[in-house]
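As provided, run-v8.txt (compact mmCIF, C-alpha atoms) reads as follows.
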# COMPACT_ATOMS: atom_id res chain seq x y z
CA MET A 1 94.28 145.91 94.40
CA MET A 2 94.76 142.55 92.76
CA LYS A 3 95.38 139.57 94.98
CA THR A 4 98.33 137.40 94.05
CA VAL A 5 97.39 133.73 93.84
CA CYS A 6 100.23 131.30 94.48
CA PRO A 7 100.07 128.17 92.33
CA GLN A 8 99.49 124.95 94.27
CA THR A 9 102.37 122.55 94.46
CA GLU A 10 101.59 119.57 92.26
CA LYS A 11 101.67 116.26 94.11
CA LYS A 12 104.40 113.94 92.87
CA VAL A 13 103.08 110.86 91.12
CA ILE A 14 104.62 107.56 92.16
CA LYS A 15 105.72 105.61 89.09
CA VAL A 16 105.12 101.87 89.42
CA ALA A 17 106.27 98.90 87.33
CA ILE A 18 104.61 95.47 87.52
CA VAL A 19 106.51 92.24 86.84
CA GLU A 20 103.96 89.42 86.92
CA ASP A 21 103.54 86.43 84.62
CA PHE A 22 99.73 86.15 84.86
CA LYS A 23 98.07 88.63 82.52
CA LEU A 24 94.82 88.77 84.48
CA THR A 25 96.75 89.71 87.65
CA ARG A 26 98.73 92.37 85.80
CA VAL A 27 95.58 93.92 84.35
CA GLY A 28 93.85 93.84 87.73
CA LEU A 29 96.80 95.50 89.46
CA ARG A 30 97.12 98.17 86.77
CA CYS A 31 93.41 99.04 86.82
CA ALA A 32 93.28 99.15 90.63
CA LEU A 33 96.42 101.23 91.05
CA ASN A 34 95.68 103.70 88.27
CA GLU A 35 92.49 104.68 90.08
CA ASN A 36 94.75 106.55 92.52
CA GLU A 37 95.69 110.06 91.42
CA ASP A 38 99.17 109.80 92.93
CA ILE A 39 100.08 106.39 91.47
CA LYS A 40 100.74 105.55 87.82
CA VAL A 41 101.71 102.21 86.31
CA VAL A 42 104.42 103.00 83.75
CA ALA A 43 105.53 99.48 82.79
CA GLU A 44 104.25 95.89 82.77
CA SER A 45 106.18 92.71 82.05
CA GLU A 46 105.42 89.00 82.13
CA ASP A 47 108.97 87.89 82.95
CA ALA A 48 112.03 89.20 84.76
CA ILE A 49 114.28 89.62 81.73
CA SER A 50 111.92 91.93 79.83
CA GLY A 51 110.92 93.44 83.17
CA LEU A 52 114.47 94.52 84.01
CA LYS A 53 114.80 96.14 80.58
CA ALA A 54 111.55 98.05 81.07
CA ILE A 55 112.58 99.09 84.58
CA GLU A 56 115.93 100.36 83.34
CA ARG A 57 114.14 102.34 80.65
CA GLU A 58 111.27 103.77 82.72
CA LYS A 59 113.10 104.07 86.08
CA PRO A 60 109.99 103.60 88.25
CA ASP A 61 109.92 104.57 91.91
CA VAL A 62 108.42 101.25 93.02
CA VAL A 63 108.37 97.79 91.44
CA LEU A 64 105.79 95.12 92.21
CA MET A 65 107.84 91.93 91.76
CA ASP A 66 106.19 88.52 91.55
CA LEU A 67 108.53 85.90 93.00
CA GLY A 68 107.36 82.88 90.97
CA LEU A 69 108.47 84.09 87.56
CA PRO A 70 109.61 81.81 84.70
CA VAL A 71 113.28 81.55 83.62
CA MET A 72 114.53 84.04 86.24
CA ASN A 73 112.64 84.16 89.52
CA GLY A 74 111.75 87.33 91.38
CA ILE A 75 114.51 86.87 93.98
CA GLU A 76 117.24 86.85 91.31
CA ALA A 77 115.54 89.71 89.48
CA THR A 78 115.44 91.81 92.65
CA VAL A 79 119.17 91.32 93.22
CA LYS A 80 119.92 92.44 89.65
CA LEU A 81 117.47 95.34 89.89
CA LYS A 82 119.08 96.63 93.09
CA GLU A 83 122.52 96.46 91.49
CA MET A 84 121.19 98.41 88.51
CA LEU A 85 118.96 100.94 90.33
CA PRO A 86 119.66 100.77 94.09
CA GLN A 87 117.23 103.61 94.90
CA THR A 88 114.26 101.85 93.29
CA LYS A 89 111.96 100.28 95.87
CA VAL A 90 110.81 96.68 95.42
CA ILE A 91 107.65 95.09 96.80
CA ALA A 92 107.79 91.30 96.65
CA LEU A 93 104.26 90.32 95.65
CA THR A 94 103.43 86.63 96.02
CA SER A 95 100.80 84.10 97.04
CA HIS A 96 103.35 82.13 99.07
CA ASP A 97 103.86 82.48 102.81
CA ARG A 98 106.81 80.13 103.23
CA GLU A 99 109.49 81.18 105.69
CA GLU A 100 112.40 80.59 103.31
CA GLU A 101 110.78 82.73 100.62
CA VAL A 102 110.14 85.61 103.01
CA VAL A 103 113.76 85.60 104.17
CA ALA A 104 115.13 85.21 100.63
CA ALA A 105 113.05 88.13 99.36
CA LEU A 106 114.16 90.49 102.13
CA SER A 107 117.78 89.35 101.86
CA SER A 108 117.74 90.00 98.12
CA GLY A 109 116.96 93.66 98.76
CA ALA A 110 113.16 93.79 98.63
CA ASN A 111 111.71 96.65 100.66
CA ALA A 112 108.42 94.91 101.36
CA TYR A 113 106.82 91.46 101.30
CA CYS A 114 103.17 91.45 100.33
CA LEU A 115 100.68 88.61 99.81
CA LYS A 116 98.53 88.82 96.68
CA ASP A 117 95.22 88.69 98.55
CA ILE A 118 95.86 92.19 99.91
CA ASP A 119 93.08 94.74 99.49
CA PRO A 120 93.83 97.12 96.56
CA ALA A 121 93.44 100.21 98.75
CA LYS A 122 95.88 98.74 101.28
CA LEU A 123 98.35 97.93 98.50
CA ALA A 124 98.21 101.55 97.35
CA ASN A 125 99.08 102.65 100.90
CA VAL A 126 101.93 100.14 101.05
CA ILE A 127 103.29 101.59 97.80
CA ARG A 128 103.12 105.10 99.26
CA ASP A 129 104.85 104.01 102.48
CA VAL A 130 107.56 102.01 100.72
CA ASN A 131 108.19 104.93 98.37
CA GLU A 132 108.88 107.02 101.48
CA GLY A 133 111.39 104.47 102.79
CA VAL A 134 109.21 102.32 105.01
CA CYS A 135 109.93 98.60 105.38
CA TRP A 136 106.63 96.68 105.18
CA ILE A 137 106.05 93.00 105.83
CA ASP A 138 102.60 91.49 105.51
CA PRO A 139 101.30 90.80 109.03
CA MET A 140 100.50 87.24 107.93
CA VAL A 141 104.19 86.47 107.45
CA SER A 142 106.00 88.95 109.71
CA GLN A 143 106.45 86.38 112.49
CA LEU A 144 108.03 83.96 110.00
CA ALA A 145 110.70 86.56 109.22
CA LEU A 146 111.44 87.05 112.91
CA ASN A 147 111.51 83.33 113.68
CA SER A 148 113.97 82.58 110.89
CA PHE A 149 116.93 84.22 112.59
CA PRO A 150 118.68 83.03 115.76
CA LYS A 151 118.20 85.23 118.81
CA THR A 152 120.81 86.17 121.38
CA GLU A 153 119.66 84.77 124.74
CA ASN A 154 120.86 87.65 126.89
CA ILE A 155 120.52 91.11 125.37
CA GLY A 156 120.20 93.13 128.57
CA PHE A 157 123.52 94.82 127.87
CA LEU A 158 122.61 96.01 124.38
CA PRO A 159 121.82 99.69 125.16
CA ASN A 160 125.39 100.11 126.45
CA ARG A 161 127.09 98.76 123.35
CA ASN A 162 129.95 100.88 122.03
CA HIS A 163 131.95 101.36 118.85
CA ASP A 164 135.16 99.93 120.27
CA GLU A 165 133.55 96.51 120.70
CA GLY A 166 132.13 96.65 117.18
CA ARG A 167 128.61 96.80 118.56
CA VAL A 168 125.64 99.02 117.72
CA PRO A 169 125.56 102.06 120.10
CA LEU A 170 121.81 102.71 120.13
CA THR A 171 120.02 104.55 122.91
CA GLU A 172 117.11 103.03 124.86
CA ARG A 173 114.66 105.06 122.77
CA GLU A 174 116.33 104.01 119.50
CA TYR A 175 116.04 100.34 120.48
CA GLU A 176 112.35 100.95 121.09
CA VAL A 177 112.01 102.58 117.65
CA LEU A 178 114.00 99.71 116.10
CA ARG A 179 111.53 97.16 117.47
CA HIS A 180 108.67 99.05 115.83
CA LEU A 181 110.69 99.37 112.62
CA VAL A 182 111.25 95.59 112.49
CA SER A 183 107.51 95.02 112.90
CA GLY A 184 106.96 97.06 109.74
CA LYS A 185 105.50 100.23 111.23
CA SER A 186 105.73 103.51 109.33
CA ASN A 187 107.10 106.72 110.86
CA THR A 188 103.55 107.89 111.49
CA GLU A 189 102.67 104.66 113.31
CA ILE A 190 105.89 104.78 115.35
CA ALA A 191 105.17 108.38 116.33
CA LYS A 192 101.68 107.38 117.48
CA GLU A 193 103.02 104.44 119.52
CA LEU A 194 105.69 106.55 121.23
CA ILE A 195 103.51 109.69 121.53
CA VAL A 196 106.02 111.87 119.67
CA SER A 197 105.91 113.89 116.47
CA VAL A 198 106.45 112.26 113.08
CA HIS A 199 109.53 114.48 112.68
CA THR A 200 111.00 113.05 115.90
CA ALA A 201 110.24 109.47 114.84
CA LYS A 202 111.90 110.09 111.47
CA ALA A 203 114.96 111.56 113.19
CA HIS A 204 115.28 108.44 115.36
CA VAL A 205 115.04 106.19 112.30
CA CYS A 206 117.72 108.19 110.46
CA SER A 207 119.99 107.94 113.49
CA ILE A 208 119.44 104.19 113.69
CA LEU A 209 120.32 103.69 110.01
CA GLN A 210 123.50 105.71 110.45
CA LYS A 211 124.60 103.88 113.60
CA MET A 212 123.85 100.47 112.12
CA CYS A 213 125.75 101.37 108.92
CA VAL A 214 122.86 100.39 106.64
CA ASN A 215 121.20 102.18 103.74
CA ASP A 216 117.52 101.61 104.43
CA ARG A 217 114.90 100.28 106.83
CA VAL A 218 114.83 96.79 105.32
CA GLN A 219 118.57 96.34 105.84
CA ALA A 220 118.20 97.65 109.41
CA ALA A 221 115.36 95.22 110.14
CA VAL A 222 117.23 92.22 108.72
CA LYS A 223 120.44 93.14 110.55
CA ALA A 224 118.56 93.71 113.80
CA VAL A 225 116.98 90.26 113.66
CA LYS A 226 120.18 88.53 112.55
CA GLU A 227 122.18 90.07 115.40
CA GLY A 228 119.49 89.60 118.03
CA LEU A 229 118.93 93.29 118.63
CA VAL A 230 115.17 92.87 118.97

Just give me the structure of the file as structure tokens.
Amino acid sequence: MMKTVCPQTEKKVIKVAIVEDFKLTRVGLRCALNENEDIKVVAESEDAISGLKAIEREKPDVVLMDLGLPVMNGIEATVKLKEMLPQTKVIALTSHDREEEVVAALSSGANAYCLKDIDPAKLANVIRDVNEGVCWIDPMVSQLALNSFPKTENIGFLPNRNHDEGRVPLTEREYEVLRHLVSGKSNTEIAKELIVSVHTAKAHVCSILQKMCVNDRVQAAVKAVKEGLV
């Protein structure tokens, strides 16, 4: 009797575009990323204008966006990209760790803020996480993002907020998850911290996004810090 062999499900390849004005950096990123079986660089551009055209044509899953681009900087380009392809994830890739640049990048719609001295293997993991909807901020600049927004002095009443007052009605557990989300942790890391399953952590995150009326984790993190929820 012949045994039926079920074909293995092919792993989806993450399509990546690079917008970076230094050729050596572009080549280095492409070579490093293409060593991963699940990541493929499908477009490279040295400026934002040609980059946006290539992105519109190739429709990558994730874009590595340099912020210090000529003519149109990466912040402006990210805003235009998000208007054009809102589902495309953007990783702001820069050598700068200035507070105003971190805030501007996240406010423009970037899903992650990454310094260029990151290890290539770590960058590949960031791409995978961001592609799955994770907000990631380089640990070297995460505190700058938090410090840039005013905090509410007394937030002891926050878990009891309700819709009628126009406030965010999160549970105690959801506020705990939100704090981890703002710090840039993935669903897996949140699950480990809270000693719950990844499925449960993901469910909490989805509930938070819905209650906060935002589309993704980055928007939730920015709104949480702006409104003093964490």

* Starting from the point (115.6, 97.3, 80.5), work out which residues of protein, DNA or RNA have an atom no more than 12 Å away when counting all atoms listed in the file; state them as a VMD selection string. => chain A and resid 17 43 to 45 47 to 60 77 80 to 81 84 to 85

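Atom pair CA of Lys192 in chain A / CA of Asn215 in chain A: separated by 24.4 Å.
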
* **Separation of CA of Val62 in chain A from CA of Lys89 in chain A in Å** => 4.6 Å

* Which residue out of A:Ile127, A:Ile190, A:Val79, A:Leu29 has the minimum interatomic distance to Ser107 in chain A when all atoms listed in the file are used? ->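 Selected residue with least distance to Ser107 in chain A: A:Val79.
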
* To do: Could you tell me how far CA of Val222 in chain A lies from CA of Glu132 in chain A, in Å and to one decimal?
  =>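 If I compute the distance from CA of Val222 in chain A to CA of Glu132 in chain A, I get 18.5 Å.
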
* Asked: Near Asp66 in chain A, counting only C-alpha atoms, which residues have an atom at most 10 Å away, once you skip same-chain residues fewer than 3 positions from it, shown as number ranges by chain?
  -> A: 18-22, 46-48, 63, 69, 73-75, 77-78, 91-95, 114-116

* Of the candidates A:Leu181, A:Val90, A:Ala201, A:Leu170, which shows the shortest atom-to-atom distance to Asn131 in chain A, using only C-alpha atoms? ->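 Nearest candidate to Asn131 in chain A out of A:Leu181, A:Val90, A:Ala201, A:Leu170: A:Val90.
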
* **Residues near Val214 in chain A, cut-off 12 Å, only C-alpha atoms, skip fewer than 5 positions along chain, as an MDAnalysis selection string** => chainID A and resid 109 168 205:209 219:224

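Nearest to Lys15 in chain A of all the residues A:Glu37, A:Asp138, A:Asp61, A:Glu100 is A:Asp61, counting only C-alpha atoms.
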
* **Exercise: Ile137 in chain A partners within 10 Å, only C-alpha atoms, chain neighbours under 2 positions left out, as a ChimeraX atom specification** => /A:91-92,102,106,111-115,126,134-135,139-143,145,182-185,218

Spatial neighbours of Leu194 in chain A, 12 Å, all atoms listed in the file, chain gap at least 2 places, as a PDB file with C-alpha atoms, keeping the file's coordinate frame:
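Heads up, here's the output in out_16.pdb:
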ATOM      1  CA  ARG A 173     114.660 105.060 122.770  1.00  0.00           C
ATOM      2  CA  GLU A 174     116.330 104.010 119.500  1.00  0.00           C
ATOM      3  CA  GLU A 176     112.350 100.950 121.090  1.00  0.00           C
ATOM      4  CA  VAL A 177     112.010 102.580 117.650  1.00  0.00           C
ATOM      5  CA  LEU A 178     114.000  99.710 116.100  1.00  0.00           C
ATOM      6  CA  ARG A 179     111.530  97.160 117.470  1.00  0.00           C
ATOM      7  CA  HIS A 180     108.670  99.050 115.830  1.00  0.00           C
ATOM      8  CA  LYS A 185     105.500 100.230 111.230  1.00  0.00           C
ATOM      9  CA  ASN A 187     107.100 106.720 110.860  1.00  0.00           C
ATOM     10  CA  THR A 188     103.550 107.890 111.490  1.00  0.00           C
ATOM     11  CA  GLU A 189     102.670 104.660 113.310  1.00  0.00           C
ATOM     12  CA  ILE A 190     105.890 104.780 115.350  1.00  0.00           C
ATOM     13  CA  ALA A 191     105.170 108.380 116.330  1.00  0.00           C
ATOM     14  CA  LYS A 192     101.680 107.380 117.480  1.00  0.00           C
ATOM     15  CA  VAL A 196     106.020 111.870 119.670  1.00  0.00           C
ATOM     16  CA  SER A 197     105.910 113.890 116.470  1.00  0.00           C
ATOM     17  CA  VAL A 198     106.450 112.260 113.080  1.00  0.00           C
ATOM     18  CA  THR A 200     111.000 113.050 115.900  1.00  0.00           C
ATOM     19  CA  ALA A 201     110.240 109.470 114.840  1.00  0.00           C
ATOM     20  CA  HIS A 204     115.280 108.440 115.360  1.00  0.00           C
TER      21      HIS A 204
END

* Selection: 10 Å around Arg128 in chain A, only C-alpha atoms, excl. self and same-chain fewer than 5 positions, as an NGL selection string -> :A and (13-14 or 38-39 or 62 or 122-123 or 133-134)
